[in-house]
file coords-v9.cif (mmCIF, C-alpha atoms, pLDDT in the B column; chains and numbers go by the auth columns)
data_coords
loop_
_atom_site.group_PDB
_atom_site.id
_atom_site.type_symbol
_atom_site.label_atom_id
_atom_site.label_comp_id
_atom_site.label_asym_id
_atom_site.label_seq_id
_atom_site.Cartn_x
_atom_site.Cartn_y
_atom_site.Cartn_z
_atom_site.B_iso_or_equiv
_atom_site.auth_seq_id
_atom_site.auth_asym_id
ATOM 1 C CA MET A 1 52.816 -93.413 108.037 75.00 21 T
ATOM 2 C CA PRO A 2 54.352 -96.704 109.124 82.00 22 T
ATOM 3 C CA LEU A 3 51.824 -98.493 106.902 81.00 23 T
ATOM 4 C CA LEU A 4 52.789 -96.366 103.920 81.00 24 T
ATOM 5 C CA ARG A 5 56.503 -96.954 104.541 84.00 25 T
ATOM 6 C CA SER A 6 55.869 -100.645 104.893 85.00 26 T
ATOM 7 C CA LEU A 7 53.962 -100.688 101.618 79.00 27 T
ATOM 8 C CA LEU A 8 56.736 -98.777 99.823 81.00 28 T
ATOM 9 C CA LYS A 9 59.337 -101.155 101.228 82.00 29 T
ATOM 10 C CA THR A 10 57.330 -104.173 100.067 80.00 30 T
ATOM 11 C CA LEU A 11 56.890 -102.701 96.601 75.00 31 T
ATOM 12 C CA ASP A 12 60.588 -101.949 96.416 75.00 32 T
ATOM 13 C CA GLU A 13 61.405 -105.533 97.350 73.00 33 T
ATOM 14 C CA LEU A 14 58.985 -106.878 94.754 69.00 34 T
ATOM 15 C CA ARG A 15 60.508 -104.645 92.121 65.00 35 T
ATOM 16 C CA SER A 16 64.003 -105.861 92.912 62.00 36 T
ATOM 17 C CA HIS A 17 62.963 -109.536 92.614 57.00 37 T
ATOM 18 C CA HIS A 18 61.343 -109.077 89.223 53.00 38 T
ATOM 19 C CA ARG A 19 64.175 -108.023 86.977 55.00 39 T
ATOM 20 C CA ARG A 20 62.393 -108.802 83.748 59.00 40 T
ATOM 21 C CA ARG A 21 59.783 -106.387 82.540 60.00 41 T
ATOM 22 C CA LEU A 22 56.209 -107.449 82.893 61.00 42 T
ATOM 23 C CA SER A 23 54.409 -106.866 79.613 60.00 43 T
ATOM 24 C CA PHE A 24 51.142 -105.799 81.216 61.00 44 T
ATOM 25 C CA LEU A 25 52.990 -102.909 82.881 62.00 45 T
ATOM 26 C CA ASP A 26 54.257 -101.588 79.547 62.00 46 T
ATOM 27 C CA ALA A 27 52.421 -98.907 77.657 68.00 47 T
ATOM 28 C CA PRO A 28 49.994 -100.273 75.036 69.00 48 T
ATOM 29 C CA ILE A 29 52.203 -99.185 72.135 68.00 49 T
ATOM 30 C CA GLU A 30 55.157 -101.025 73.680 69.00 50 T
ATOM 31 C CA ARG A 31 53.105 -104.215 73.927 68.00 51 T
ATOM 32 C CA ARG A 32 52.082 -103.907 70.267 74.00 52 T
ATOM 33 C CA ARG A 33 55.533 -103.020 68.949 78.00 53 T
ATOM 34 C CA PRO A 34 56.520 -106.573 67.856 80.00 54 T
ATOM 35 C CA ARG A 35 53.196 -106.992 66.065 81.00 55 T
ATOM 36 C CA ILE A 36 53.564 -103.601 64.388 81.00 56 T
ATOM 37 C CA VAL A 37 57.037 -104.567 63.177 83.00 57 T
ATOM 38 C CA MET A 38 55.701 -107.830 61.729 86.00 58 T
ATOM 39 C CA GLU A 39 52.794 -106.062 60.024 86.00 59 T
ATOM 40 C CA ASP A 40 55.162 -103.429 58.639 86.00 60 T
ATOM 41 C CA TYR A 41 57.429 -106.143 57.229 85.00 61 T
ATOM 42 C CA ALA A 42 54.455 -107.959 55.679 86.00 62 T
ATOM 43 C CA ALA A 43 53.131 -104.751 54.116 87.00 63 T
ATOM 44 C CA ARG A 44 56.552 -103.866 52.671 88.00 64 T
ATOM 45 C CA HIS A 45 56.933 -107.393 51.288 87.00 65 T
ATOM 46 C CA SER A 46 53.467 -107.241 49.721 89.00 66 T
ATOM 47 C CA ILE A 47 54.144 -103.839 48.142 87.00 67 T
ATOM 48 C CA GLU A 48 57.509 -104.988 46.784 91.00 68 T
ATOM 49 C CA HIS A 49 55.905 -108.117 45.327 88.00 69 T
ATOM 50 C CA THR A 50 53.136 -106.047 43.703 87.00 70 T
ATOM 51 C CA LEU A 51 55.626 -103.597 42.204 89.00 71 T
ATOM 52 C CA ASP A 52 57.784 -106.456 40.907 92.00 72 T
ATOM 53 C CA ARG A 53 54.739 -108.102 39.344 91.00 73 T
ATOM 54 C CA LYS A 54 53.627 -104.811 37.807 92.00 74 T
ATOM 55 C CA ALA A 55 57.106 -104.230 36.334 94.00 75 T
ATOM 56 C CA GLU A 56 57.111 -107.752 34.913 95.00 76 T
ATOM 57 C CA LEU A 57 53.689 -107.214 33.308 93.00 77 T
ATOM 58 C CA ARG A 58 54.857 -103.909 31.823 93.00 78 T
ATOM 59 C CA ARG A 59 57.885 -105.656 30.337 95.00 79 T
ATOM 60 C CA LEU A 60 55.746 -108.452 28.870 95.00 80 T
ATOM 61 C CA ALA A 61 52.822 -106.276 27.697 93.00 81 T
ATOM 62 C CA PRO A 62 54.217 -105.441 24.208 93.00 82 T
ATOM 63 C CA THR A 63 54.680 -109.105 23.284 93.00 83 T
ATOM 64 C CA ARG A 64 51.961 -110.969 25.197 93.00 84 T
ATOM 65 C CA PRO A 65 48.292 -109.954 24.888 93.00 85 T
ATOM 66 C CA GLU A 66 47.294 -111.579 28.200 93.00 86 T
ATOM 67 C CA ALA A 67 50.002 -109.596 30.012 93.00 87 T
ATOM 68 C CA ALA A 68 48.826 -106.408 28.297 94.00 88 T
ATOM 69 C CA ALA A 69 45.243 -107.104 29.370 94.00 89 T
ATOM 70 C CA ARG A 70 46.255 -107.772 32.984 94.00 90 T
ATOM 71 C CA TYR A 71 48.547 -104.743 33.058 94.00 91 T
ATOM 72 C CA HIS A 72 45.740 -102.572 31.667 95.00 92 T
ATOM 73 C CA GLN A 73 43.412 -103.936 34.339 94.00 93 T
ATOM 74 C CA LEU A 74 45.898 -103.146 37.120 93.00 94 T
ATOM 75 C CA LEU A 75 46.595 -99.659 35.807 94.00 95 T
ATOM 76 C CA THR A 76 42.900 -98.880 35.436 95.00 96 T
ATOM 77 C CA TYR A 77 42.198 -100.058 38.971 94.00 97 T
ATOM 78 C CA GLU A 78 45.114 -98.031 40.341 93.00 98 T
ATOM 79 C CA LEU A 79 43.950 -94.928 38.447 95.00 99 T
ATOM 80 C CA GLU A 80 40.360 -95.265 39.709 95.00 100 T
ATOM 81 C CA GLU A 81 41.520 -95.675 43.307 93.00 101 T
ATOM 82 C CA LEU A 82 43.906 -92.736 43.075 93.00 102 T
ATOM 83 C CA ARG A 83 41.089 -90.556 41.742 94.00 103 T
ATOM 84 C CA GLU A 84 38.948 -91.670 44.668 93.00 104 T
ATOM 85 C CA VAL A 85 41.727 -90.727 47.095 91.00 105 T
ATOM 86 C CA MET A 86 41.990 -87.314 45.435 91.00 106 T
ATOM 87 C CA THR A 87 38.241 -86.770 45.771 91.00 107 T
ATOM 88 C CA THR A 88 38.422 -87.640 49.451 89.00 108 T
ATOM 89 C CA LEU A 89 41.477 -85.460 50.085 87.00 109 T
ATOM 90 C CA ARG A 90 39.812 -82.453 48.467 86.00 110 T
ATOM 91 C CA THR A 91 37.044 -82.626 51.074 86.00 111 T
ATOM 92 C CA THR A 92 39.491 -82.415 53.996 83.00 112 T
ATOM 93 C CA THR A 93 41.075 -79.350 55.463 80.00 113 T
ATOM 94 C CA GLY A 94 44.810 -79.167 55.716 78.00 114 T
ATOM 95 C CA GLY A 95 47.865 -77.079 55.303 82.00 115 T
ATOM 96 C CA ARG A 96 50.907 -77.202 53.089 84.00 116 T
ATOM 97 C CA ASP A 97 51.341 -80.966 53.482 86.00 117 T
ATOM 98 C CA LEU A 98 47.863 -81.615 52.090 87.00 118 T
ATOM 99 C CA HIS A 99 48.477 -79.335 49.120 88.00 119 T
ATOM 100 C CA GLU A 100 51.789 -81.072 48.407 89.00 120 T
ATOM 101 C CA CYS A 101 50.046 -84.442 48.593 88.00 121 T
ATOM 102 C CA LEU A 102 47.331 -83.260 46.190 89.00 122 T
ATOM 103 C CA ALA A 103 49.942 -81.964 43.753 91.00 123 T
ATOM 104 C CA GLU A 104 51.878 -85.253 43.884 92.00 124 T
ATOM 105 C CA ASN A 105 48.703 -87.252 43.347 91.00 125 T
ATOM 106 C CA LYS A 106 47.703 -85.051 40.416 93.00 126 T
ATOM 107 C CA LEU A 107 51.063 -85.733 38.746 94.00 127 T
ATOM 108 C CA GLU A 108 50.697 -89.451 39.462 93.00 128 T
ATOM 109 C CA ILE A 109 47.204 -89.452 37.895 94.00 129 T
ATOM 110 C CA GLU A 110 48.577 -87.769 34.772 95.00 130 T
ATOM 111 C CA ARG A 111 51.381 -90.344 34.574 94.00 131 T
ATOM 112 C CA LEU A 112 48.922 -93.209 35.012 94.00 132 T
ATOM 113 C CA GLU A 113 46.596 -91.819 32.332 95.00 133 T
ATOM 114 C CA ILE A 114 49.505 -91.811 29.863 95.00 134 T
ATOM 115 C CA GLU A 115 50.450 -95.353 30.890 94.00 135 T
ATOM 116 C CA VAL A 116 46.834 -96.587 30.518 94.00 136 T
ATOM 117 C CA ALA A 117 46.590 -94.998 27.055 95.00 137 T
ATOM 118 C CA TRP A 118 49.864 -96.669 26.018 94.00 138 T
ATOM 119 C CA CYS A 119 48.702 -100.002 27.371 94.00 139 T
ATOM 120 C CA ALA A 120 45.339 -99.672 25.595 93.00 140 T
ATOM 121 C CA THR A 121 47.197 -99.539 22.271 93.00 141 T
ATOM 122 C CA LEU A 122 48.699 -102.950 23.080 91.00 142 T
ATOM 123 C CA LEU A 123 45.360 -104.646 23.696 88.00 143 T
ATOM 124 C CA PRO A 124 44.099 -106.897 20.908 78.00 144 T
ATOM 125 C CA ALA A 125 41.447 -105.394 18.646 66.00 145 T
ATOM 126 C CA SER A 126 38.943 -108.043 19.755 51.00 146 T
ATOM 127 C CA ASP A 127 39.291 -106.993 23.422 55.00 147 T
ATOM 128 C CA PRO A 128 36.021 -105.342 24.492 50.00 148 T
ATOM 129 C CA ARG A 129 37.747 -102.982 26.935 53.00 149 T
ATOM 130 C CA PRO A 130 37.205 -99.283 26.212 51.00 150 T
ATOM 131 C CA ARG A 131 40.218 -97.533 24.775 46.00 151 T
#
call {"tool": "encode", "arguments": {"input": "coords-v9.cif", "output": "structure tokens"}}
result
Amino acid sequence: MPLLRSLLKTLDELRSHHRRRLSFLDAPIERRRPRIVMEDYAARHSIEHTLDRKAELRRLAPTRPEAAARYHQLLTYELEELREVMTTLRTTTGGRDLHECLAENKLEIERLEIEVAWCATLLPASDPRPR
């Protein structure tokens, strides 16, 4: 027992000398927290930039054919990816949250289909994209 007490005393002394936290003693999530915060900020910034760009293209689409073509391309891509997400979600099991997510995605798909159809009317007649 004297050895154990001596060890505890030594550890206690070491702990008192090291006031700052040692990162390797933190839990893994604590060590990654600053990186997670930076990644979260970058993702939010990227999403905001994409939404701003999409809104700008929507505003320009009626008057500029190149903006209408790019906006149509973005909408079509978004619609295809959302349909893919829906297909994947239907194969999973889940409760009320999954059903709410499916319902929200279904409404979003319907909204996007209307937006794609509107945008297709703005495309020049010589554009080979399907309408």
call {"tool": "axis_aligned_box", "arguments": {"input": "coords-v9.cif", "around": "segment 118-124 of chain T", "padding_each_side": "5 Å", "output": "AutoDock Vina command-line options"}}
result
--center_x 49.6 --center_y -82.3 --center_z 47.9 --size_x 14.5 --size_y 15.9 --size_z 18.3
call {"tool": "atom_distance", "arguments": {"input": "coords-v9.cif", "atom1": "atom CA of Val136 of chain T", "atom2": "atom CA of Leu95 of chain T"}}
result
6.1 Å
call {"tool": "atom_distance", "arguments": {"input": "coords-v9.cif", "atom1": "atom CA of Glu135 of chain T", "atom2": "atom CA of His92 of chain T"}}
result
8.7 Å
call {"tool": "resolve_selection", "arguments": {"input": "coords-v9.cif", "expression": "the PyMOL selection byres ((chain T and resi 106) around 10)", "output": "number ranges by chain"}}
result
T: 100-105, 107-111, 121-123, 125-126, 129
call {"tool": "closest_residue", "arguments": {"input": "coords-v9.cif", "among": "T:Leu118, T:Leu31, T:Arg52, T:Cys139", "to": "Thr96 of chain T", "atoms": "all atoms listed in the file"}}
result
T:Cys139
call {"tool": "resolve_selection", "arguments": {"input": "coords-v9.cif", "expression": "the PyMOL selection byres ((chain T and resi 77) around 12)", "output": "PyMOL selection string"}}
result
chain T and resi 70-76+78-95+139
call {"tool": "decode", "arguments": {"input": "coords-v9.cif", "residues": "segment 30-145 of chain T", "atoms": "C-alpha atoms", "output": "compact mmCIF listing (two decimals), in the first residue's frame"}}
result
# COMPACT_ATOMS: atom_id res chain seq x y z
CA THR T 30 3.14 11.67 -7.32
CA LEU T 31 0.21 11.79 -9.72
CA ASP T 32 -1.47 14.43 -7.60
CA GLU T 33 1.69 16.54 -7.66
CA LEU T 34 2.01 16.17 -11.42
CA ARG T 35 -1.60 17.19 -11.86
CA SER T 36 -1.12 20.30 -9.77
CA HIS T 37 1.93 21.39 -11.81
CA HIS T 38 0.17 21.04 -15.14
CA ARG T 39 -2.63 23.56 -14.97
CA ARG T 40 -3.28 23.64 -18.68
CA ARG T 41 -5.17 20.78 -20.21
CA LEU T 42 -3.19 18.33 -22.24
CA SER T 43 -4.95 17.74 -25.54
CA PHE T 44 -4.08 14.05 -25.72
CA LEU T 45 -5.98 13.52 -22.46
CA ASP T 46 -9.17 15.03 -23.89
CA ALA T 47 -11.85 12.89 -25.43
CA PRO T 48 -11.52 12.54 -29.22
CA ILE T 49 -14.54 14.76 -29.89
CA GLU T 50 -13.01 17.49 -27.72
CA ARG T 51 -9.79 17.35 -29.72
CA ARG T 52 -11.73 17.64 -32.99
CA ARG T 53 -14.06 20.41 -31.83
CA PRO T 54 -12.07 23.34 -33.34
CA ARG T 55 -11.82 21.51 -36.66
CA ILE T 56 -15.53 20.70 -36.60
CA VAL T 57 -16.32 24.37 -35.97
CA MET T 58 -14.14 25.42 -38.92
CA GLU T 59 -15.71 22.81 -41.21
CA ASP T 60 -19.18 23.88 -40.10
CA TYR T 61 -18.37 27.52 -40.87
CA ALA T 62 -16.96 26.58 -44.29
CA ALA T 63 -20.03 24.48 -45.12
CA ARG T 64 -22.41 27.26 -44.08
CA HIS T 65 -20.43 29.79 -46.13
CA SER T 66 -20.48 27.49 -49.16
CA ILE T 67 -24.24 26.89 -48.86
CA GLU T 68 -24.93 30.62 -48.46
CA HIS T 69 -22.79 31.39 -51.51
CA THR T 70 -24.59 28.72 -53.56
CA LEU T 71 -28.02 30.01 -52.54
CA ASP T 72 -26.99 33.59 -53.33
CA ARG T 73 -25.72 32.52 -56.74
CA LYS T 74 -28.88 30.53 -57.41
CA ALA T 75 -31.06 33.53 -56.46
CA GLU T 76 -29.01 35.76 -58.74
CA LEU T 77 -29.40 33.32 -61.65
CA ARG T 78 -33.15 33.13 -61.04
CA ARG T 79 -33.35 36.92 -61.13
CA LEU T 80 -31.34 37.11 -64.37
CA ALA T 81 -32.94 34.10 -66.12
CA PRO T 82 -35.85 36.01 -67.76
CA THR T 83 -33.54 38.51 -69.46
CA ARG T 84 -30.30 36.60 -70.10
CA PRO T 85 -30.31 33.28 -71.98
CA GLU T 86 -26.97 32.14 -70.53
CA ALA T 87 -28.29 32.70 -66.99
CA ALA T 88 -31.46 30.78 -67.87
CA ALA T 89 -29.38 27.89 -69.23
CA ARG T 90 -27.17 27.78 -66.12
CA TYR T 91 -30.16 28.09 -63.80
CA HIS T 92 -31.90 25.25 -65.66
CA GLN T 93 -28.76 23.15 -65.33
CA LEU T 94 -28.55 23.78 -61.57
CA LEU T 95 -32.23 23.06 -61.02
CA THR T 96 -32.08 19.86 -63.05
CA TYR T 97 -29.05 18.66 -61.11
CA GLU T 98 -30.70 19.51 -57.79
CA LEU T 99 -33.90 17.70 -58.83
CA GLU T 100 -32.01 14.57 -59.92
CA GLU T 101 -30.05 14.46 -56.66
CA LEU T 102 -33.15 14.99 -54.55
CA ARG T 103 -34.87 12.12 -56.37
CA GLU T 104 -31.84 9.95 -55.66
CA VAL T 105 -32.02 10.87 -51.96
CA MET T 106 -35.72 9.96 -51.94
CA THR T 107 -34.99 6.59 -53.54
CA THR T 108 -32.36 5.89 -50.90
CA LEU T 109 -34.57 7.03 -48.02
CA ARG T 110 -37.41 4.77 -49.15
CA THR T 111 -35.13 1.75 -48.71
CA THR T 112 -34.38 2.59 -45.06
CA THR T 113 -36.46 1.83 -42.04
CA GLY T 114 -37.45 4.63 -39.75
CA GLY T 115 -40.15 6.18 -37.71
CA ARG T 116 -42.05 9.43 -37.80
CA ASP T 117 -38.94 11.50 -38.54
CA LEU T 118 -38.25 9.53 -41.71
CA HIS T 119 -41.83 9.92 -42.89
CA GLU T 120 -41.70 13.66 -42.23
CA CYS T 121 -38.44 13.88 -44.17
CA LEU T 122 -39.97 11.95 -47.09
CA ALA T 123 -43.00 14.24 -47.11
CA GLU T 124 -40.81 17.36 -47.07
CA ASN T 125 -38.66 16.01 -49.89
CA LYS T 126 -41.74 15.13 -51.94
CA LEU T 127 -42.98 18.72 -51.63
CA GLU T 128 -39.52 20.02 -52.54
CA ILE T 129 -39.44 17.78 -55.64
CA GLU T 130 -42.83 19.12 -56.72
CA ARG T 131 -41.61 22.70 -56.22
CA LEU T 132 -38.44 22.00 -58.19
CA GLU T 133 -40.38 20.39 -61.04
CA ILE T 134 -42.48 23.56 -61.36
CA GLU T 135 -39.34 25.71 -61.26
CA VAL T 136 -37.60 23.56 -63.92
CA ALA T 137 -40.67 23.78 -66.18
CA TRP T 138 -40.75 27.57 -65.77
CA CYS T 139 -37.05 27.83 -66.48
CA ALA T 140 -37.39 25.59 -69.56
CA THR T 141 -39.77 28.16 -71.06
CA LEU T 142 -37.00 30.76 -70.78
CA LEU T 143 -34.43 28.73 -72.69
CA PRO T 144 -33.80 29.80 -76.28
CA ALA T 145 -35.52 27.72 -78.95
